[in-house]
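Engineer: Provided herewith: model.pdb, PDB, C-alpha atoms.
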ATOM      1  CA  MET A   1     -24.664 -23.377 -20.465
ATOM      2  CA  ILE A   2     -24.244 -25.472 -23.633
ATOM      3  CA  GLU A   3     -26.992 -27.874 -22.535
ATOM      4  CA  ALA A   4     -29.367 -25.012 -21.738
ATOM      5  CA  LEU A   5     -28.772 -23.218 -25.052
ATOM      6  CA  PHE A   6     -29.160 -26.470 -27.013
ATOM      7  CA  ALA A   7     -32.474 -27.130 -25.244
ATOM      8  CA  ALA A   8     -33.598 -23.569 -26.064
ATOM      9  CA  MET A   9     -32.773 -24.145 -29.747
ATOM     10  CA  LEU A  10     -34.842 -27.340 -29.775
ATOM     11  CA  VAL A  11     -37.802 -25.518 -28.214
ATOM     12  CA  ALA A  12     -37.456 -22.769 -30.840
ATOM     13  CA  ALA A  13     -37.498 -25.424 -33.565
ATOM     14  CA  THR A  14     -41.098 -26.277 -32.617
ATOM     15  CA  SER A  15     -42.063 -23.115 -34.536
ATOM     16  CA  LEU A  16     -41.468 -25.087 -37.748
ATOM     17  CA  ILE A  17     -44.223 -27.567 -36.936
ATOM     18  CA  GLY A  18     -46.763 -25.249 -38.548
ATOM     19  CA  VAL A  19     -45.211 -26.084 -41.927
ATOM     20  CA  VAL A  20     -46.198 -29.724 -41.378
ATOM     21  CA  PHE A  21     -49.841 -28.818 -40.725
ATOM     22  CA  PHE A  22     -50.189 -26.112 -43.369
ATOM     23  CA  GLY A  23     -47.615 -27.202 -45.918
ATOM     24  CA  ASN A  24     -49.993 -26.769 -48.822
ATOM     25  CA  SER A  25     -52.492 -24.048 -49.621
ATOM     26  CA  GLY A  26     -55.445 -26.418 -49.760
ATOM     27  CA  ARG A  27     -55.057 -27.474 -46.154
ATOM     28  CA  LEU A  28     -54.769 -23.894 -44.928
ATOM     29  CA  GLN A  29     -57.680 -22.784 -47.100
ATOM     30  CA  GLY A  30     -59.937 -25.372 -45.494
ATOM     31  CA  ALA A  31     -58.789 -24.607 -41.953
ATOM     32  CA  GLN A  32     -58.352 -20.819 -42.050
ATOM     33  CA  LYS A  33     -61.808 -20.055 -40.641
ATOM     34  CA  PHE A  34     -60.694 -21.925 -37.506
ATOM     35  CA  VAL A  35     -57.096 -20.671 -37.323
ATOM     36  CA  VAL A  36     -57.667 -17.107 -36.093
ATOM     37  CA  PRO A  37     -60.463 -17.960 -33.595
ATOM     38  CA  MET A  38     -58.325 -20.806 -32.209
ATOM     39  CA  ALA A  39     -55.458 -18.337 -31.821
ATOM     40  CA  VAL A  40     -57.746 -16.153 -29.664
ATOM     41  CA  GLY A  41     -58.568 -19.096 -27.382
ATOM     42  CA  ILE A  42     -54.948 -20.217 -27.152
ATOM     43  CA  PHE A  43     -53.663 -16.741 -26.281
ATOM     44  CA  LEU A  44     -56.403 -16.135 -23.694
ATOM     45  CA  SER A  45     -55.547 -19.418 -21.967
ATOM     46  CA  LEU A  46     -51.828 -18.625 -22.072
ATOM     47  CA  VAL A  47     -52.438 -15.191 -20.555
ATOM     48  CA  LEU A  48     -54.977 -16.250 -17.894
ATOM     49  CA  TYR A  49     -53.445 -19.551 -16.803
ATOM     50  CA  GLU A  50     -49.739 -18.891 -17.282
ATOM     51  CA  LEU A  51     -48.480 -15.330 -17.677
ATOM     52  CA  ILE A  52     -50.721 -13.264 -15.385
ATOM     53  CA  PRO A  53     -50.597 -15.758 -12.456
ATOM     54  CA  LYS A  54     -46.784 -15.870 -12.667
ATOM     55  CA  THR A  55     -46.560 -12.081 -12.827
ATOM     56  CA  LEU A  56     -48.900 -11.439  -9.894
ATOM     57  CA  SER A  57     -47.336 -14.225  -7.826
ATOM     58  CA  ALA A  58     -43.898 -12.642  -8.215
ATOM     59  CA  SER A  59     -45.094  -9.051  -7.732
ATOM     60  CA  PRO A  60     -48.633  -8.632  -6.352
ATOM     61  CA  GLN A  61     -48.155  -4.870  -6.030
ATOM     62  CA  TRP A  62     -46.695  -3.970  -9.436
ATOM     63  CA  GLY A  63     -47.530  -6.964 -11.633
ATOM     64  CA  GLY A  64     -50.913  -5.617 -12.736
ATOM     65  CA  LEU A  65     -49.331  -2.300 -13.717
ATOM     66  CA  VAL A  66     -46.793  -4.063 -15.962
ATOM     67  CA  VAL A  67     -49.577  -6.086 -17.635
ATOM     68  CA  GLY A  68     -51.442  -2.825 -18.254
ATOM     69  CA  LEU A  69     -48.318  -1.195 -19.713
ATOM     70  CA  GLY A  70     -47.882  -4.145 -22.061
ATOM     71  CA  PHE A  71     -51.499  -3.793 -23.214
ATOM     72  CA  VAL A  72     -51.310  -0.022 -23.750
ATOM     73  CA  GLY A  73     -47.916  -0.309 -25.424
ATOM     74  CA  PHE A  74     -49.357  -2.684 -28.000
ATOM     75  CA  TYR A  75     -52.329  -0.374 -28.512
ATOM     76  CA  VAL A  76     -49.888   2.379 -29.513
ATOM     77  CA  LEU A  77     -47.888  -0.019 -31.687
ATOM     78  CA  ALA A  78     -51.071  -1.264 -33.402
ATOM     79  CA  ASN A  79     -52.005   2.324 -34.253
ATOM     80  CA  TYR A  80     -48.545   2.916 -35.742
ATOM     81  CA  LEU A  81     -48.788  -0.248 -37.852
ATOM     82  CA  HIS A  82     -52.240   0.767 -39.060
ATOM     83  CA  GLN A  83     -50.806   4.095 -40.239
ATOM     84  CA  ARG A  84     -47.910   2.289 -41.922
ATOM     85  CA  TYR A  85     -50.141  -0.109 -43.870
ATOM     86  CA  HIS A  86     -53.091   2.220 -44.448
ATOM     87  CA  HIS A  87     -52.371   2.249 -48.204
ATOM     88  CA  LEU A  88     -53.375  -1.414 -48.404
ATOM     89  CA  GLU A  89     -56.967  -2.576 -48.634
ATOM     90  CA  SER A  90     -58.685  -2.589 -45.254
ATOM     91  CA  GLU A  91     -58.550  -6.361 -44.692
ATOM     92  CA  ASP A  92     -54.930  -6.698 -45.878
ATOM     93  CA  CYS A  93     -53.946  -3.806 -43.611
ATOM     94  CA  ASP A  94     -55.524  -5.530 -40.604
ATOM     95  CA  ARG A  95     -53.873  -8.853 -41.441
ATOM     96  CA  LYS A  96     -50.395  -7.375 -41.865
ATOM     97  CA  GLY A  97     -50.672  -5.394 -38.635
ATOM     98  CA  ALA A  98     -51.961  -8.420 -36.707
ATOM     99  CA  ALA A  99     -49.142 -10.613 -38.025
ATOM    100  CA  ILE A 100     -46.438  -8.152 -36.923
ATOM    101  CA  LEU A 101     -48.050  -7.682 -33.506
ATOM    102  CA  LEU A 102     -48.208 -11.449 -33.198
ATOM    103  CA  MET A 103     -44.491 -11.911 -33.909
ATOM    104  CA  ILE A 104     -43.456  -9.167 -31.471
ATOM    105  CA  GLY A 105     -45.793 -10.365 -28.713
ATOM    106  CA  ASP A 106     -44.655 -13.961 -29.139
ATOM    107  CA  GLY A 107     -41.042 -12.803 -29.103
ATOM    108  CA  VAL A 108     -41.514 -11.083 -25.716
ATOM    109  CA  HIS A 109     -43.270 -14.172 -24.371
ATOM    110  CA  ASN A 110     -40.431 -16.417 -25.584
ATOM    111  CA  VAL A 111     -37.839 -14.245 -23.832
ATOM    112  CA  ALA A 112     -39.754 -14.929 -20.608
ATOM    113  CA  ASP A 113     -39.783 -18.658 -21.406
ATOM    114  CA  GLY A 114     -36.040 -18.499 -21.962
ATOM    115  CA  VAL A 115     -35.480 -16.921 -18.547
ATOM    116  CA  ILE A 116     -37.562 -19.719 -16.989
ATOM    117  CA  LEU A 117     -35.628 -22.370 -18.926
ATOM    118  CA  GLY A 118     -32.232 -20.926 -18.008
ATOM    119  CA  GLY A 119     -33.252 -20.726 -14.346
ATOM    120  CA  ALA A 120     -34.335 -24.377 -14.418
ATOM    121  CA  PHE A 121     -30.931 -25.456 -15.769
ATOM    122  CA  LEU A 122     -29.218 -23.463 -13.018
ATOM    123  CA  ILE A 123     -31.168 -25.532 -10.470
ATOM    124  CA  ASP A 124     -30.271 -28.851 -12.100
ATOM    125  CA  PRO A 125     -29.897 -30.197 -15.662
ATOM    126  CA  ALA A 126     -32.654 -32.747 -14.999
ATOM    127  CA  VAL A 127     -35.061 -29.965 -14.005
ATOM    128  CA  GLY A 128     -33.933 -28.016 -17.073
ATOM    129  CA  ILE A 129     -34.699 -30.912 -19.424
ATOM    130  CA  ALA A 130     -38.146 -31.429 -17.870
ATOM    131  CA  THR A 131     -38.811 -27.694 -18.239
ATOM    132  CA  ALA A 132     -37.679 -27.730 -21.882
ATOM    133  CA  VAL A 133     -40.048 -30.603 -22.667
ATOM    134  CA  GLY A 134     -42.891 -28.751 -20.977
ATOM    135  CA  LEU A 135     -42.171 -25.519 -22.848
ATOM    136  CA  ALA A 136     -41.969 -27.373 -26.159
ATOM    137  CA  LEU A 137     -45.342 -29.003 -25.486
ATOM    138  CA  HIS A 138     -47.094 -25.728 -24.819
ATOM    139  CA  GLN A 139     -45.411 -24.089 -27.816
ATOM    140  CA  VAL A 140     -46.816 -26.603 -30.326
ATOM    141  CA  PRO A 141     -50.466 -25.452 -30.611
ATOM    142  CA  GLN A 142     -49.402 -21.805 -30.378
ATOM    143  CA  GLU A 143     -46.821 -22.096 -33.161
ATOM    144  CA  ILE A 144     -49.220 -23.961 -35.460
ATOM    145  CA  VAL A 145     -51.846 -21.215 -35.367
ATOM    146  CA  GLU A 146     -49.216 -18.458 -35.565
ATOM    147  CA  PHE A 147     -47.847 -19.934 -38.779
ATOM    148  CA  GLY A 148     -51.393 -20.070 -40.139
ATOM    149  CA  VAL A 149     -52.007 -16.416 -39.220
ATOM    150  CA  LEU A 150     -48.763 -15.340 -40.936
ATOM    151  CA  VAL A 151     -49.615 -17.211 -44.144
ATOM    152  CA  ARG A 152     -53.139 -15.818 -44.044
ATOM    153  CA  ALA A 153     -51.644 -12.310 -43.771
ATOM    154  CA  GLY A 154     -50.055 -12.786 -47.194
ATOM    155  CA  TYR A 155     -46.571 -14.084 -46.365
ATOM    156  CA  SER A 156     -45.236 -17.034 -48.368
ATOM    157  CA  ARG A 157     -44.874 -20.304 -46.482
ATOM    158  CA  VAL A 158     -41.087 -20.014 -46.468
ATOM    159  CA  ARG A 159     -41.146 -16.433 -45.187
ATOM    160  CA  ALA A 160     -43.818 -17.257 -42.599
ATOM    161  CA  ALA A 161     -41.713 -20.170 -41.342
ATOM    162  CA  VAL A 162     -38.589 -17.980 -41.160
ATOM    163  CA  TYR A 163     -40.361 -15.130 -39.343
ATOM    164  CA  ASN A 164     -42.009 -17.536 -36.927
ATOM    165  CA  PHE A 165     -38.662 -19.185 -36.217
ATOM    166  CA  ILE A 166     -36.973 -15.812 -35.610
ATOM    167  CA  SER A 167     -39.724 -14.885 -33.136
ATOM    168  CA  ALA A 168     -39.456 -18.278 -31.410
ATOM    169  CA  SER A 169     -35.662 -17.995 -31.232
ATOM    170  CA  SER A 170     -35.934 -15.153 -28.724
ATOM    171  CA  ILE A 171     -36.157 -17.969 -26.139
ATOM    172  CA  ILE A 172     -32.404 -18.381 -26.704
ATOM    173  CA  LEU A 173     -31.881 -14.714 -25.773
ATOM    174  CA  GLY A 174     -33.842 -15.183 -22.542
ATOM    175  CA  THR A 175     -31.917 -18.341 -21.667
ATOM    176  CA  LEU A 176     -28.565 -16.684 -22.331
ATOM    177  CA  LEU A 177     -29.620 -13.638 -20.323
ATOM    178  CA  VAL A 178     -30.431 -15.621 -17.182
ATOM    179  CA  LEU A 179     -27.269 -17.738 -17.479
ATOM    180  CA  VAL A 180     -25.045 -14.667 -17.758
ATOM    181  CA  LEU A 181     -26.912 -12.651 -15.119
ATOM    182  CA  SER A 182     -27.864 -15.626 -12.957
ATOM    183  CA  GLU A 183     -27.660 -13.715  -9.676
ATOM    184  CA  HIS A 184     -30.242 -11.100 -10.630
ATOM    185  CA  ALA A 185     -32.168 -11.977 -13.835
ATOM    186  CA  ALA A 186     -34.563 -14.466 -12.215
ATOM    187  CA  ASP A 187     -35.774 -11.773  -9.804
ATOM    188  CA  TYR A 188     -37.074  -9.659 -12.693
ATOM    189  CA  VAL A 189     -38.648 -12.294 -14.952
ATOM    190  CA  TRP A 190     -42.080 -11.049 -13.821
ATOM    191  CA  LEU A 191     -41.457  -7.837 -15.786
ATOM    192  CA  VAL A 192     -41.137  -9.860 -18.989
ATOM    193  CA  THR A 193     -44.080 -12.165 -18.257
ATOM    194  CA  GLY A 194     -46.222  -9.123 -17.374
ATOM    195  CA  LEU A 195     -45.379  -7.308 -20.608
ATOM    196  CA  ALA A 196     -45.964 -10.517 -22.596
ATOM    197  CA  ALA A 197     -49.351 -10.973 -20.889
ATOM    198  CA  GLY A 198     -50.420  -7.454 -21.850
ATOM    199  CA  ASN A 199     -49.130  -7.943 -25.407
ATOM    200  CA  LEU A 200     -50.938 -11.234 -26.041
ATOM    201  CA  LEU A 201     -54.096 -10.054 -24.271
ATOM    202  CA  TYR A 202     -54.249  -7.072 -26.621
ATOM    203  CA  ILE A 203     -53.673  -9.278 -29.664
ATOM    204  CA  ALA A 204     -56.421 -11.731 -28.634
ATOM    205  CA  ALA A 205     -59.104  -9.435 -27.232
ATOM    206  CA  SER A 206     -58.556  -6.105 -29.001
ATOM    207  CA  ASP A 207     -57.197  -7.114 -32.389
ATOM    208  CA  LEU A 208     -58.099 -10.646 -33.489
ATOM    209  CA  LEU A 209     -61.492 -10.978 -31.780
ATOM    210  CA  PRO A 210     -63.040  -7.715 -33.115
ATOM    211  CA  ARG A 211     -61.792  -8.599 -36.605
ATOM    212  CA  ILE A 212     -63.532 -11.973 -36.414
ATOM    213  CA  HIS A 213     -66.732 -10.377 -35.161
ATOM    214  CA  GLY A 214     -66.653  -7.744 -37.903
ATOM    215  CA  ASN A 215     -66.180 -10.279 -40.696
ATOM    216  CA  LEU A 216     -68.126 -13.368 -39.625
ATOM    217  CA  LYS A 217     -68.894 -14.450 -43.172
ATOM    218  CA  ASN A 218     -65.256 -15.524 -43.553
ATOM    219  CA  TYR A 219     -65.430 -17.578 -40.358
ATOM    220  CA  GLY A 220     -68.682 -19.448 -41.010
ATOM    221  CA  ASN A 221     -70.895 -17.913 -38.321
ATOM    222  CA  ILE A 222     -70.794 -16.928 -34.653
ATOM    223  CA  TRP A 223     -71.099 -20.539 -33.523
ATOM    224  CA  TYR A 224     -68.191 -21.731 -35.651
ATOM    225  CA  SER A 225     -65.940 -19.016 -34.302
ATOM    226  CA  THR A 226     -67.142 -19.521 -30.698
ATOM    227  CA  LEU A 227     -66.511 -23.263 -30.916
ATOM    228  CA  SER A 228     -63.028 -22.626 -32.340
ATOM    229  CA  ILE A 229     -62.207 -20.159 -29.544
ATOM    230  CA  MET A 230     -63.394 -22.636 -26.901
ATOM    231  CA  LEU A 231     -61.451 -25.466 -28.554
ATOM    232  CA  GLY A 232     -58.253 -23.398 -28.605
ATOM    233  CA  PHE A 233     -58.771 -22.346 -24.983
ATOM    234  CA  ALA A 234     -59.444 -25.922 -23.817
ATOM    235  CA  LEU A 235     -56.494 -27.339 -25.772
ATOM    236  CA  MET A 236     -54.012 -24.788 -24.430
ATOM    237  CA  THR A 237     -55.319 -25.097 -20.865
ATOM    238  CA  ALA A 238     -54.915 -28.889 -20.998
ATOM    239  CA  VAL A 239     -51.369 -28.553 -22.351
ATOM    240  CA  LEU A 240     -50.446 -26.001 -19.664
ATOM    241  CA  THR A 241     -51.882 -28.248 -16.934
ATOM    242  CA  ILE A 242     -49.805 -31.206 -18.149
ATOM    243  CA  THR A 243     -46.742 -28.973 -18.512
ATOM    244  CA  HIS A 244     -47.006 -27.622 -14.968
ATOM    245  CA  ALA A 245     -47.479 -31.119 -13.557
ATOM    246  CA  GLN A 246     -44.414 -32.354 -15.427
ATOM    247  CA  MET A 247     -42.252 -29.438 -14.285
ATOM    248  CA  GLU A 248     -43.395 -29.851 -10.693
ATOM    249  CA  TYR A 249     -42.641 -33.568 -10.814
ATOM    250  CA  GLY A 250     -39.142 -32.889 -12.184
ATOM    251  CA  HIS A 251     -38.476 -30.311  -9.467
ATOM    252  CA  GLU A 252     -39.746 -32.593  -6.688
ATOM    253  CA  HIS A 253     -37.689 -35.485  -8.060
ATOM    254  CA  ASP A 254     -34.568 -33.306  -7.977
ATOM    255  CA  LEU A 255     -35.276 -32.272  -4.372
ATOM    256  CA  HIS A 256     -35.760 -35.920  -3.415
ATOM    257  CA  VAL A 257     -32.412 -36.851  -4.971
ATOM    258  CA  ASP A 258     -30.677 -33.981  -3.133
ATOM    259  CA  GLU A 259     -32.202 -35.067   0.192
ATOM    260  CA  HIS A 260     -31.083 -38.645  -0.457
ATOM    261  CA  HIS A 261     -27.530 -37.486  -1.119
ATOM    262  CA  ASP A 262     -27.577 -35.322   2.005
ATOM    263  CA  ASP A 263     -28.673 -38.329   4.075
ATOM    264  CA  GLU A 264     -25.833 -40.430   2.632
ATOM    265  CA  ASP A 265     -23.307 -37.678   3.413
ATOM    266  CA  HIS A 266     -24.660 -37.452   6.947
ATOM    267  CA  ASP A 267     -24.330 -41.224   7.421
ATOM    268  CA  GLU A 268     -20.755 -41.146   6.135
ATOM    269  CA  ASP A 269     -19.903 -38.314   8.550
ATOM    270  CA  SER A 270     -21.413 -40.299  11.416
ATOM    271  CA  ILE A 271     -19.294 -43.327  10.527
TER     272      ILE A 271
END
Transcribe the structure of this file into structure tokens.
Structural biologist:
Amino acid sequence: MIEALFAAMLVAATSLIGVVFFGNSGRLQGAQKFVVPMAVGIFLSLVLYELIPKTLSASPQWGGLVVGLGFVGFYVLANYLHQRYHHLESEDCDRKGAAILLMIGDGVHNVADGVILGGAFLIDPAVGIATAVGLALHQVPQEIVEFGVLVRAGYSRVRAAVYNFISASSIILGTLLVLVLSEHAADYVWLVTGLAAGNLLYIAASDLLPRIHGNLKNYGNIWYSTLSIMLGFALMTAVLTITHAQMEYGHEHDLHVDEHHDDEDHDEDSI
């Protein structure tokens, strides 16, 4: 349990990497027209190549319904946030609402990651470490753009880093949950991945993308934003592909070691 929770904390710490990239206002100012479009591409890749496939694989019958509930739930939440911040100027209202949706959606997604990480450590510590490395890798591009979105929404760099870290730390909750409820929690992880898929799909397609389209002058032009979306999508897809290959290798290596030990035990029994 200690190893698993320590690994979860290290994965959560990747949320602070955004400070390295956008530690000064000049760097963020120059990159901000790419930050939000890249976030759209990254979230779409994460939803289409990671969360929805896992959800539907675990529950072909009900997985789609859970994804839909996550999407509709965030639609209702977005409307509430718009009412809450309606006193701000239109653009500031949109930015604040998007930032809060982003933190909540990422928090749900990280709970799912924590359940996956805890389950991997229950299989074997070696598989758990390989899984932690994979999760950290696919968190990096996501956390960088999330930090940029939070700063762009008006939060100070310190507050953006703290909020991003709090959201990322929900992976510890997911890990602890599966370790405590190891007999049953893994069977229901698809509920969390489905809700996270609906959340992030809403953020990307129904919140960030229309805002980009409605204010293209701040993002260069349609080709700049399209290129940034494609770059974010390609980057995240490549990271997920490498992550899955690494996790699969770690799992196969563990199975090979177990088979080798079983063969040795069988030989000893024969002797």
Engineer: Around (-55.7, -23.5, -29.4), as given in the file, which residues come within 12 Å? Count all atoms listed in the file and list them as a ChimeraX atom specification.
Structural biologist: /A:34-46,138-146,204,227-240
Engineer: Please dump the current selection as a short mmCIF file (atom, residue, chain, number, x, y, z; two decimals), keeping the file's coordinate frame; keep C-alpha atoms.
Structural biologist:
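Generated output (again08.cif):
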data_model
loop_
_atom_site.label_atom_id
_atom_site.label_comp_id
_atom_site.auth_asym_id
_atom_site.auth_seq_id
_atom_site.Cartn_x
_atom_site.Cartn_y
_atom_site.Cartn_z
CA PHE A 34 -60.69 -21.92 -37.51
CA VAL A 35 -57.10 -20.67 -37.32
CA VAL A 36 -57.67 -17.11 -36.09
CA PRO A 37 -60.46 -17.96 -33.60
CA MET A 38 -58.32 -20.81 -32.21
CA ALA A 39 -55.46 -18.34 -31.82
CA VAL A 40 -57.75 -16.15 -29.66
CA GLY A 41 -58.57 -19.10 -27.38
CA ILE A 42 -54.95 -20.22 -27.15
CA PHE A 43 -53.66 -16.74 -26.28
CA LEU A 44 -56.40 -16.14 -23.69
CA SER A 45 -55.55 -19.42 -21.97
CA LEU A 46 -51.83 -18.62 -22.07
CA HIS A 138 -47.09 -25.73 -24.82
CA GLN A 139 -45.41 -24.09 -27.82
CA VAL A 140 -46.82 -26.60 -30.33
CA PRO A 141 -50.47 -25.45 -30.61
CA GLN A 142 -49.40 -21.80 -30.38
CA GLU A 143 -46.82 -22.10 -33.16
CA ILE A 144 -49.22 -23.96 -35.46
CA VAL A 145 -51.85 -21.22 -35.37
CA GLU A 146 -49.22 -18.46 -35.56
CA ALA A 204 -56.42 -11.73 -28.63
CA LEU A 227 -66.51 -23.26 -30.92
CA SER A 228 -63.03 -22.63 -32.34
CA ILE A 229 -62.21 -20.16 -29.54
CA MET A 230 -63.39 -22.64 -26.90
CA LEU A 231 -61.45 -25.47 -28.55
CA GLY A 232 -58.25 -23.40 -28.60
CA PHE A 233 -58.77 -22.35 -24.98
CA ALA A 234 -59.44 -25.92 -23.82
CA LEU A 235 -56.49 -27.34 -25.77
CA MET A 236 -54.01 -24.79 -24.43
CA THR A 237 -55.32 -25.10 -20.86
CA ALA A 238 -54.92 -28.89 -21.00
CA VAL A 239 -51.37 -28.55 -22.35
CA LEU A 240 -50.45 -26.00 -19.66
#
Engineer: Just say which residues the PyMOL selection byres ((chain A and resi 136) around 12) picks in this file, as a ChimeraX atom specification.
Structural biologist: /A:7-17,110,113-114,117,129-135,137-143,168,171,239-240,242-243
Engineer: Name the residues that the PyMOL selection byres ((chain A and resi 68) around 12) pulls out of this structure, and write them as a ChimeraX atom specification.
Structural biologist: /A:52,55,62-67,69-75,191,193-202
Engineer: What does the distance between CA of Trp190 (chain A) and CA of Ala58 (chain A) come to in Å, to one decimal place?
Structural biologist: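 Computing it gives 6.1 Å between the two atoms.
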Engineer: Looking at only C-alpha atoms, which of A:Tyr224, A:Thr175, A:Gly154, A:Ala245 is the one that sits closest to Gly128 (chain A)?
Structural biologist: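 Answer, going by the shortest atom-to-atom distance: A:Thr175.
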Engineer: Applied to the shown file, which residues does the PyMOL selection byres ((chain A and resi 177) around 10) return, written as an MDAnalysis selection string?
Structural biologist: chainID A and resid 111 114:115 118:119 171:176 178:182 185:186
Engineer: Report, in Å with one decimal, the straight-line distance from CA of Ala99 (chain A) to CA of Asn164 (chain A).
Structural biologist: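 Rounded to one decimal, the two atoms are 10.0 Å apart.
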Engineer: In terms of the shortest atom-to-atom distance over only C-alpha atoms, which of A:Val158, A:Val108, A:Val76, A:Ala98 is closest to Pro210 (chain A)?
Structural biologist: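 Nearest to Pro210 (chain A): A:Ala98.
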Engineer: Quick one: residues within 8 Å of Leu101 (chain A), only C-alpha atoms, excluding same-chain residues fewer than 6 positions away - as a ChimeraX atom specification?
Structural biologist: /A:74,77-78,203
Engineer: Given only C-alpha atoms as the basis, pick out the residue of A:Ala126, A:Ile212, A:Val192, A:Ala161 nearest to Glu3 (chain A).
Structural biologist: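 Going through A:Ala126, A:Ile212, A:Val192, A:Ala161 one by one, the smallest distance to Glu3 (chain A) is for A:Ala126.
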Engineer: For a quick check of understanding, using all atoms listed in the file, which of A:Lys33, A:His109, A:His244, A:Lys54 has the smallest distance to Ser169 (chain A)?
Structural biologist: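 Distance minimum relative to Ser169 (chain A) lands on A:His109.
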